[in-house]
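Next comes query-v2.txt, with compact mmCIF, C-alpha atoms and all ligand atoms.
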```
# COMPACT_ATOMS: atom_id res chain seq x y z
CA MET A 25 -7.09 21.23 -7.51
CA ALA A 26 -7.13 17.58 -8.61
CA VAL A 27 -9.45 15.14 -6.87
CA ALA A 28 -10.05 11.38 -6.85
CA PRO A 29 -13.25 9.34 -6.58
CA ALA A 30 -14.41 8.85 -2.98
CA PHE A 31 -15.27 5.43 -1.55
CA HIS A 32 -17.92 5.62 1.22
CA TYR A 33 -18.08 3.04 3.95
CA GLU A 34 -19.93 3.20 7.27
CA PRO A 35 -17.72 1.67 9.96
CA VAL A 36 -19.41 -0.20 12.80
CA SER A 37 -18.15 0.07 16.36
CA ASP A 38 -15.64 -2.57 17.43
CA ASP A 39 -14.84 -2.84 13.74
CA PRO A 40 -13.98 -6.41 12.65
CA PRO A 41 -11.85 -6.85 9.53
CA VAL A 42 -14.26 -6.16 6.66
CA ALA A 43 -13.94 -6.82 2.94
CA ILE A 44 -14.26 -3.75 0.73
CA TRP A 45 -13.61 -3.09 -2.95
CA PRO A 46 -13.19 0.67 -3.37
CA TRP A 47 -12.41 0.56 -7.08
CA PRO A 48 -14.73 0.43 -10.10
CA ASP A 49 -13.13 -2.65 -11.70
CA ASP A 50 -14.16 -6.22 -11.03
CA VAL A 51 -11.09 -8.34 -10.23
CA ARG A 52 -11.29 -12.09 -9.60
CA ASP A 53 -9.12 -13.92 -7.07
CA CYS A 54 -8.19 -10.82 -5.12
CA HIS A 55 -9.55 -9.59 -1.77
CA CYS A 56 -9.17 -6.29 0.05
CA VAL A 57 -9.81 -6.16 3.81
CA THR A 58 -9.65 -3.21 6.18
CA LEU A 59 -9.81 -2.69 9.95
CA ARG A 60 -9.91 0.30 12.27
CA TYR A 61 -7.65 0.03 15.30
CA SER A 62 -6.53 2.15 18.20
CA ALA A 63 -2.86 3.00 18.10
CA ASP A 64 -2.69 2.62 21.92
CA GLU A 65 -4.99 -0.31 22.54
CA GLY A 66 -4.79 -2.44 19.40
CA CYS A 67 -7.86 -3.87 17.74
CA GLY A 68 -8.95 -6.94 19.73
CA GLY A 69 -9.66 -10.21 17.97
CA LYS A 70 -7.25 -13.09 17.35
CA VAL A 71 -3.72 -11.76 17.56
CA PRO A 72 -0.80 -13.02 15.42
CA PRO A 73 2.51 -13.85 17.09
CA LEU A 74 4.89 -10.89 17.10
CA PRO A 75 8.14 -11.38 15.15
CA PRO A 76 11.35 -11.03 17.19
CA GLN A 77 12.03 -7.60 15.60
CA LEU A 78 8.85 -6.24 17.23
CA LEU A 79 9.03 -7.71 20.74
CA ARG A 80 10.38 -4.42 22.12
CA ALA A 81 8.46 -2.14 19.76
CA THR A 82 6.16 0.65 20.99
CA PRO A 83 2.49 -0.20 21.63
CA ARG A 84 1.62 1.87 18.54
CA ARG A 85 3.92 -0.17 16.29
CA LYS A 86 2.64 -3.46 17.72
CA ALA A 87 -0.96 -2.31 17.22
CA GLU A 88 -0.43 -1.37 13.55
CA PHE A 89 1.42 -4.60 12.86
CA ILE A 90 -1.37 -6.69 14.43
CA ALA A 91 -4.10 -4.75 12.61
CA GLY A 92 -2.34 -5.21 9.25
CA ARG A 93 -1.86 -8.94 9.88
CA ARG A 94 -5.52 -9.37 10.87
CA CYS A 95 -6.56 -7.76 7.57
CA ALA A 96 -4.11 -9.95 5.66
CA ALA A 97 -5.34 -13.12 7.41
CA GLU A 98 -8.96 -12.33 6.51
CA ALA A 99 -8.01 -11.60 2.88
CA ILE A 100 -6.12 -14.93 2.75
CA ARG A 101 -9.11 -16.75 4.27
CA ARG A 102 -11.39 -15.30 1.60
CA LEU A 103 -8.96 -16.35 -1.10
CA THR A 104 -7.92 -19.81 0.08
CA ALA A 105 -10.48 -20.81 2.76
CA ARG A 106 -7.52 -21.21 5.14
CA THR A 107 -6.43 -18.75 7.80
CA ALA A 108 -2.79 -17.76 8.09
CA PHE A 109 -0.98 -14.69 9.38
CA PRO A 110 1.86 -13.72 7.01
CA GLY A 111 5.25 -13.77 8.69
CA MET A 112 7.79 -10.96 8.52
CA GLY A 113 11.08 -11.30 6.63
CA GLU A 114 14.36 -9.80 7.79
CA ASP A 115 13.81 -7.17 5.10
CA ARG A 116 10.38 -6.45 6.67
CA ALA A 117 8.54 -7.76 3.60
CA PRO A 118 5.54 -9.93 4.56
CA ILE A 119 5.95 -13.66 3.93
CA TRP A 120 2.74 -14.79 2.27
CA PRO A 121 1.52 -18.42 2.35
CA ALA A 122 2.09 -20.54 -0.77
CA GLY A 123 -0.11 -19.48 -3.67
CA VAL A 124 -0.72 -15.95 -2.34
CA VAL A 125 0.75 -12.52 -3.11
CA GLY A 126 -0.32 -9.38 -1.34
CA ALA A 127 0.49 -6.16 0.44
CA ILE A 128 -0.29 -4.44 3.74
CA SER A 129 -0.53 -0.77 4.71
CA HIS A 130 -1.52 1.17 7.82
CA SER A 131 -1.93 4.81 8.67
CA ARG A 132 -3.06 6.43 11.92
CA ASP A 133 -6.07 4.24 12.88
CA ARG A 134 -6.70 2.22 9.73
CA ALA A 135 -5.05 -0.90 8.36
CA ILE A 136 -5.69 -2.45 4.97
CA ALA A 137 -4.45 -5.52 3.11
CA LEU A 138 -4.89 -6.83 -0.41
CA ALA A 139 -4.22 -10.49 -1.22
CA GLY A 140 -4.52 -12.29 -4.54
CA SER A 141 -3.66 -15.54 -6.25
CA ASN A 142 -0.07 -15.94 -7.44
CA GLN A 143 -1.46 -17.75 -10.49
CA GLN A 144 -2.85 -14.42 -11.61
CA PHE A 145 -0.56 -11.78 -10.10
CA CYS A 146 3.21 -11.54 -9.75
CA GLY A 147 2.91 -8.55 -7.43
CA ILE A 148 0.36 -6.53 -5.51
CA GLY A 149 0.79 -3.14 -3.87
CA ILE A 150 -1.45 -1.11 -1.60
CA ASP A 151 -0.82 2.05 0.35
CA ILE A 152 -3.01 4.18 2.59
CA GLU A 153 -1.90 7.67 3.53
CA LYS A 154 -3.61 10.41 5.43
CA VAL A 155 -4.29 13.47 3.32
CA LEU A 156 -1.29 15.79 3.61
CA ASN A 157 -1.29 19.39 4.77
CA GLU A 158 0.95 21.92 3.02
CA GLU A 159 3.86 21.54 5.41
CA GLU A 160 3.83 17.73 5.20
CA ALA A 161 3.50 17.97 1.41
CA ARG A 162 6.56 20.21 1.23
CA ASP A 163 8.63 17.66 3.20
CA ILE A 164 7.37 14.67 1.24
CA ALA A 165 7.73 16.40 -2.14
CA SER A 166 11.41 17.02 -1.51
CA GLN A 167 12.00 13.28 -0.92
CA ALA A 168 9.48 11.48 -3.10
CA LEU A 169 8.97 13.60 -6.22
CA THR A 170 11.51 13.87 -9.03
CA ALA A 171 12.52 17.26 -10.40
CA SER A 172 10.38 16.57 -13.45
CA GLU A 173 7.33 15.74 -11.29
CA ARG A 174 7.83 18.93 -9.29
CA HIS A 175 8.14 20.86 -12.54
CA SER A 176 4.94 19.34 -13.94
CA LEU A 177 3.12 20.55 -10.79
CA GLY A 178 4.35 24.08 -11.58
CA ASN A 179 6.94 23.89 -8.75
CA ALA A 180 4.07 24.74 -6.38
CA ILE A 181 3.10 22.63 -3.37
CA ASP A 182 0.03 20.56 -4.22
CA PRO A 183 -0.79 18.40 -1.17
CA PHE A 184 -3.18 16.13 -3.07
CA MET A 185 -0.87 15.39 -6.00
CA THR A 186 2.15 15.08 -3.71
CA GLY A 187 0.32 12.52 -1.54
CA LEU A 188 -0.87 10.68 -4.62
CA ILE A 189 2.61 10.37 -6.13
CA PHE A 190 4.15 9.36 -2.79
CA SER A 191 1.48 6.74 -2.13
CA ALA A 192 1.61 5.39 -5.69
CA LYS A 193 5.38 4.90 -5.39
CA GLU A 194 5.02 3.12 -2.04
CA SER A 195 2.45 0.80 -3.64
CA LEU A 196 4.86 0.25 -6.52
CA PHE A 197 7.69 -0.61 -4.16
CA LYS A 198 5.56 -3.24 -2.38
CA ALA A 199 4.28 -4.69 -5.69
CA LEU A 200 7.73 -4.97 -7.30
CA TYR A 201 9.81 -5.97 -4.30
CA PRO A 202 8.99 -9.71 -4.57
CA SER A 203 10.31 -9.66 -8.17
CA VAL A 204 13.28 -7.32 -7.87
CA ARG A 205 14.29 -8.31 -4.29
CA ARG A 206 16.12 -5.07 -3.66
CA PHE A 207 15.50 -1.60 -2.34
CA PHE A 208 14.89 1.10 -4.95
CA PHE A 209 14.29 4.78 -4.44
CA PHE A 210 11.60 7.27 -5.37
CA GLU A 211 13.58 8.37 -8.47
CA ALA A 212 12.95 4.94 -10.02
CA ALA A 213 9.47 5.92 -11.25
CA GLU A 214 7.46 8.97 -12.27
CA LEU A 215 3.76 9.64 -12.47
CA SER A 216 3.00 9.51 -16.20
CA ASP A 217 -0.79 9.79 -16.17
CA TYR A 218 -3.58 10.73 -13.79
CA SER A 219 -7.29 11.09 -14.39
CA GLU A 220 -9.94 12.22 -11.91
CA ASP A 221 -11.78 8.93 -12.47
CA GLY A 222 -9.04 7.42 -10.29
CA SER A 223 -6.93 5.79 -12.99
CA ALA A 224 -3.24 6.63 -13.10
CA SER A 225 0.10 5.20 -14.12
CA LEU A 226 3.74 5.28 -13.15
CA ARG A 227 6.58 4.96 -15.66
CA LEU A 228 9.83 3.32 -14.61
CA THR A 229 12.81 5.65 -15.07
CA GLU A 230 15.37 2.88 -14.40
CA ASP A 231 15.85 -0.77 -15.29
CA LEU A 232 14.98 -2.69 -12.14
CA GLY A 233 15.72 -6.16 -13.52
CA GLY A 234 13.78 -8.79 -15.49
CA ARG A 235 10.80 -7.40 -17.36
CA TRP A 236 10.85 -4.22 -15.24
CA ARG A 237 12.71 -2.07 -17.74
CA ARG A 238 13.03 1.67 -18.00
CA GLY A 239 9.95 3.07 -19.77
CA THR A 240 7.56 0.33 -18.53
CA GLU A 241 4.14 1.81 -17.72
CA ILE A 242 2.47 0.46 -14.58
CA PRO A 243 -1.22 1.24 -14.18
CA LEU A 244 -2.67 1.94 -10.75
CA ARG A 245 -5.88 3.05 -9.11
CA VAL A 246 -6.40 5.92 -6.69
CA CYS A 247 -9.36 6.77 -4.48
CA ARG A 248 -10.22 8.71 -1.36
CA PHE A 249 -11.35 6.63 1.59
CA GLU A 250 -12.48 8.45 4.77
CA ASP A 251 -9.78 11.10 5.16
CA PHE A 252 -7.16 8.91 3.50
CA LEU A 253 -5.82 8.53 0.03
CA LEU A 254 -5.60 4.93 -1.14
CA THR A 255 -3.52 3.63 -4.06
CA ARG A 256 -3.47 0.12 -5.47
CA ILE A 257 -1.32 -1.74 -7.99
CA LEU A 258 -2.04 -5.20 -9.42
CA LEU A 259 0.71 -6.68 -11.58
CA PRO A 260 -0.64 -9.50 -13.74
CA TYR A 261 1.68 -12.13 -15.21
C1 LIG B 301 8.57 -0.24 3.02
C2 LIG B 301 7.74 1.00 2.86
C3 LIG B 301 7.21 1.03 1.41
C4 LIG B 301 6.58 0.93 3.86
O1 LIG B 301 5.79 2.04 3.83
P1 LIG B 301 5.30 2.84 5.17
O2 LIG B 301 4.82 4.15 4.71
O3 LIG B 301 6.32 2.75 6.22
O4 LIG B 301 4.11 2.06 5.77
P2 LIG B 301 2.86 1.29 5.22
O5 LIG B 301 1.99 1.16 6.39
O6 LIG B 301 2.25 1.81 3.97
O7 LIG B 301 3.49 -0.12 4.83
C5 LIG B 301 4.11 -0.87 5.80
C6 LIG B 301 4.06 -2.30 5.36
O8 LIG B 301 4.77 -2.45 4.14
C7 LIG B 301 5.16 -3.81 4.08
N1 LIG B 301 6.54 -3.87 3.65
C8 LIG B 301 7.63 -3.47 4.31
N2 LIG B 301 8.74 -3.74 3.58
C9 LIG B 301 8.32 -4.31 2.44
C10 LIG B 301 8.97 -4.82 1.30
N3 LIG B 301 10.30 -4.80 1.19
N4 LIG B 301 8.23 -5.36 0.32
C11 LIG B 301 6.88 -5.42 0.40
N5 LIG B 301 6.20 -4.94 1.48
C12 LIG B 301 6.92 -4.40 2.48
C13 LIG B 301 4.99 -4.41 5.48
O9 LIG B 301 3.86 -5.24 5.47
C14 LIG B 301 4.74 -3.19 6.33
O10 LIG B 301 3.88 -3.37 7.43
P3 LIG B 301 4.35 -4.24 8.70
O11 LIG B 301 5.78 -3.89 8.98
O12 LIG B 301 3.41 -3.90 9.79
O13 LIG B 301 4.23 -5.67 8.19
C15 LIG B 301 8.53 2.29 3.14
O14 LIG B 301 8.86 2.35 4.46
C16 LIG B 301 9.81 2.42 2.35
O15 LIG B 301 10.84 1.90 2.74
N6 LIG B 301 9.75 3.18 1.26
C17 LIG B 301 10.93 3.46 0.46
C18 LIG B 301 10.98 2.61 -0.75
C19 LIG B 301 10.09 3.20 -1.78
O16 LIG B 301 8.94 3.46 -1.52
N7 LIG B 301 10.64 3.43 -2.98
C20 LIG B 301 9.85 4.05 -4.02
C21 LIG B 301 10.01 3.29 -5.28
S1 LIG B 301 9.41 4.22 -6.67
```
Take the structure from the file and write it as structure tokens.
Ligand SMILES: CC(C)(COP(=O)(O)OP(=O)(O)OC[C@H]1O[C@@H](n2cnc3c(N)ncnc32)[C@H](O)[C@@H]1OP(=O)(O)O)[C@@H](O)C(=O)NCCC(=O)NCCS
Amino acid sequence: MAVAPAFHYEPVSDDPPVAIWPWPDDVRDCHCVTLRYSADEGCGGKVPPLPPQLLRATPRRKAEFIAGRRCAAEAIRRLTARTAFPGMGEDRAPIWPAGVVGAISHSRDRAIALAGSNQQFCGIGIDIEKVLNEEEARDIASQALTASERHSLGNAIDPFMTGLIFSAKESLFKALYPSVRRFFFFEAAELSDYSEDGSASLRLTEDLGGRWRRGTEIPLRVCRFEDFLLTRILLPY
């Protein structure tokens, strides 16, 4: 079974947003921040205003939103020396302050955000997913993997590779959305490379507009973090 490099981090109790860099490369002008939260009680600390869409949301949804925004605000502070909570667009995409691009993800009790300079990056994607069991992998594979991806996995259920492909495509969606400004589905890209050192790439199977043409290879990084799988995409200009 395929694996990915593991990133080890000792959380402290009452976890504040902390900066981590779980990948082997050294990237300037980009900050990754994570936070553990309780889906029922939130995560304490300074709380961003809730957008109108979330005023009647469940406590769990409010908690994940707040945790993601706290991570994003700390990543922005590290990048710009100013604190700002990204807003939420009608399309749910975060609205980053001028000069910043980034992405937010949350799963179960962990939120994470990556923010970088828009002088250097035209898009950033991050996605955190809990490791799938076989039943979850079967469900996800039927939605998120193309026939060719399923074939290349021997048409067997591989929870690790299924989670990796799903997470990579969610990261891709977040990274490309600011450029393409439209929804696109899981068929729009396929995993074209994966190495156990945590490097991987997706190949676009459709023209998505602008420079994002069919056949474009988009590198990404994968690692394990606690009992999650984490994928990351940085799109330079
Ligand atoms: C939007 C989507 C990617 C979010 O993923 P998710 O598994 O629900 O949850 P995550 O925690 O990883 O990410 C949620 C965050 O994504 C961000 N997000 C939502 N819509 C977004 C968009 N259009 N562009 C960029 N980021 C977006 C938000 O910050 C959101 O958190 P928030 O609502 O608390 O602010 C997912 O719901 C979706 O619609 N996927 C289908 C599109 C897709 O992945 N296509 C594959 C292309 S190959």
**OP:** Around the point (2.3, 7.4, -2.1) in the file's coordinates, collect all residues with an atom within 9 Å, using all atoms listed in the file, and return them as JSON, numbers by chain.
**Re:** {"A": [151, 152, 153, 168, 186, 187, 188, 189, 190, 191, 192, 193, 194, 195, 196, 253, 254, 255]}
Output for the residues just chosen: C-alpha atoms as a CSV table (one decimal), keeping the file's coordinate frame:
```csv
chain,number,residue,atom,x,y,z
A,151,ASP,CA,-0.8,2.0,0.4
A,152,ILE,CA,-3.0,4.2,2.6
A,153,GLU,CA,-1.9,7.7,3.5
A,168,ALA,CA,9.5,11.5,-3.1
A,186,THR,CA,2.2,15.1,-3.7
A,187,GLY,CA,0.3,12.5,-1.5
A,188,LEU,CA,-0.9,10.7,-4.6
A,189,ILE,CA,2.6,10.4,-6.1
A,190,PHE,CA,4.2,9.4,-2.8
A,191,SER,CA,1.5,6.7,-2.1
A,192,ALA,CA,1.6,5.4,-5.7
A,193,LYS,CA,5.4,4.9,-5.4
A,194,GLU,CA,5.0,3.1,-2.0
A,195,SER,CA,2.4,0.8,-3.6
A,196,LEU,CA,4.9,0.2,-6.5
A,253,LEU,CA,-5.8,8.5,0.0
A,254,LEU,CA,-5.6,4.9,-1.1
A,255,THR,CA,-3.5,3.6,-4.1
```
Surroundings of ligand LIG 301 (chain B) up to 7 Å, based on only C-alpha atoms and all ligand atoms, as a PDB file with C-alpha atoms, in the coordinates of the input:
```pdb
ATOM      1  CA  GLU A  88      -0.430  -1.370  13.550  1.00  0.00           C
ATOM      2  CA  PHE A  89       1.420  -4.600  12.860  1.00  0.00           C
ATOM      3  CA  GLY A  92      -2.340  -5.210   9.250  1.00  0.00           C
ATOM      4  CA  MET A 112       7.790 -10.960   8.520  1.00  0.00           C
ATOM      5  CA  ASP A 115      13.810  -7.170   5.100  1.00  0.00           C
ATOM      6  CA  ARG A 116      10.380  -6.450   6.670  1.00  0.00           C
ATOM      7  CA  ALA A 117       8.540  -7.760   3.600  1.00  0.00           C
ATOM      8  CA  PRO A 118       5.540  -9.930   4.560  1.00  0.00           C
ATOM      9  CA  ALA A 127       0.490  -6.160   0.440  1.00  0.00           C
ATOM     10  CA  ILE A 128      -0.290  -4.440   3.740  1.00  0.00           C
ATOM     11  CA  SER A 129      -0.530  -0.770   4.710  1.00  0.00           C
ATOM     12  CA  HIS A 130      -1.520   1.170   7.820  1.00  0.00           C
ATOM     13  CA  SER A 131      -1.930   4.810   8.670  1.00  0.00           C
ATOM     14  CA  ASP A 151      -0.820   2.050   0.350  1.00  0.00           C
ATOM     15  CA  ILE A 152      -3.010   4.180   2.590  1.00  0.00           C
ATOM     16  CA  LYS A 193       5.380   4.900  -5.390  1.00  0.00           C
ATOM     17  CA  GLU A 194       5.020   3.120  -2.040  1.00  0.00           C
ATOM     18  CA  SER A 195       2.450   0.800  -3.640  1.00  0.00           C
ATOM     19  CA  LEU A 196       4.860   0.250  -6.520  1.00  0.00           C
ATOM     20  CA  PHE A 197       7.690  -0.610  -4.160  1.00  0.00           C
ATOM     21  CA  LYS A 198       5.560  -3.240  -2.380  1.00  0.00           C
ATOM     22  CA  ALA A 199       4.280  -4.690  -5.690  1.00  0.00           C
ATOM     23  CA  TYR A 201       9.810  -5.970  -4.300  1.00  0.00           C
ATOM     24  CA  PRO A 202       8.990  -9.710  -4.570  1.00  0.00           C
ATOM     25  CA  PHE A 207      15.500  -1.600  -2.340  1.00  0.00           C
ATOM     26  CA  PHE A 208      14.890   1.100  -4.950  1.00  0.00           C
ATOM     27  CA  PHE A 209      14.290   4.780  -4.440  1.00  0.00           C
ATOM     28  CA  PHE A 210      11.600   7.270  -5.370  1.00  0.00           C
ATOM     29  CA  GLU A 211      13.580   8.370  -8.470  1.00  0.00           C
ATOM     30  CA  ALA A 212      12.950   4.940 -10.020  1.00  0.00           C
ATOM     31  CA  ALA A 213       9.470   5.920 -11.250  1.00  0.00           C
TER      32      ALA A 213
END
```
Original post:
Do you know which residues are at most 10 Å from Leu244 of chain A counting only C-alpha atoms, after dropping those on the same chain fewer than 4 positions away, and could you put them as a ChimeraX atom specification?
Top reply: /A:149-150,192,195-196,217-218,222-226,255-259
**OP:** Give as a PyMOL selection string each residue that has an atom at most 8 Å from (0.0, -17.1, -15.5) in the file, counting only C-alpha atoms.
**Re:** chain A and resi 143-145+260-261
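For the set A:Arg206, A:Arg93, A:Arg101, A:Arg85, the residue with the smallest atom-to-atom gap to Lys70 of chain A is A:Arg93, counting only C-alpha atoms.
Computed from the coordinates, the atom CA of Ala96 of chain A to atom CA of Leu232 of chain A distance equals 27.1 Å.
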Subject >> Non-local contacts of Glu241 of chain A (9 Å; all atoms listed in the file; under 2 positions in same chain excluded) as a VMD selection string >> reply: chain A and resid 216 225 to 228 238 to 239 243
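For the set A:Ile100, A:Leu200, A:Met185, A:Leu215, the residue with the smallest atom-to-atom gap to Val27 of chain A is A:Met185, counting only C-alpha atoms.
Take the candidates A:Arg102, A:Arg162, A:Arg132, A:Lys154 and check each one against Cys56 of chain A using only C-alpha atoms; the shortest distance goes to A:Arg102.
With only C-alpha atoms as the atoms that count, the minimum distance from Glu158 of chain A to the choices A:Pro76, A:Pro183, A:Gly178, A:Pro41 is reached by A:Pro183.
Atom CA of Trp236 of chain A is positioned 26.2 Å from atom CA of Ile136 of chain A.
Atom CA of Phe31 of chain A to atom CA of Ile90 of chain A spans 24.4 Å [interatomic distance, one decimal].
Proximity ranking of A:Trp120, A:Trp47, A:Tyr61, A:Phe249 relative to Ala30 of chain A places A:Phe249 first, based on all atoms listed in the file.
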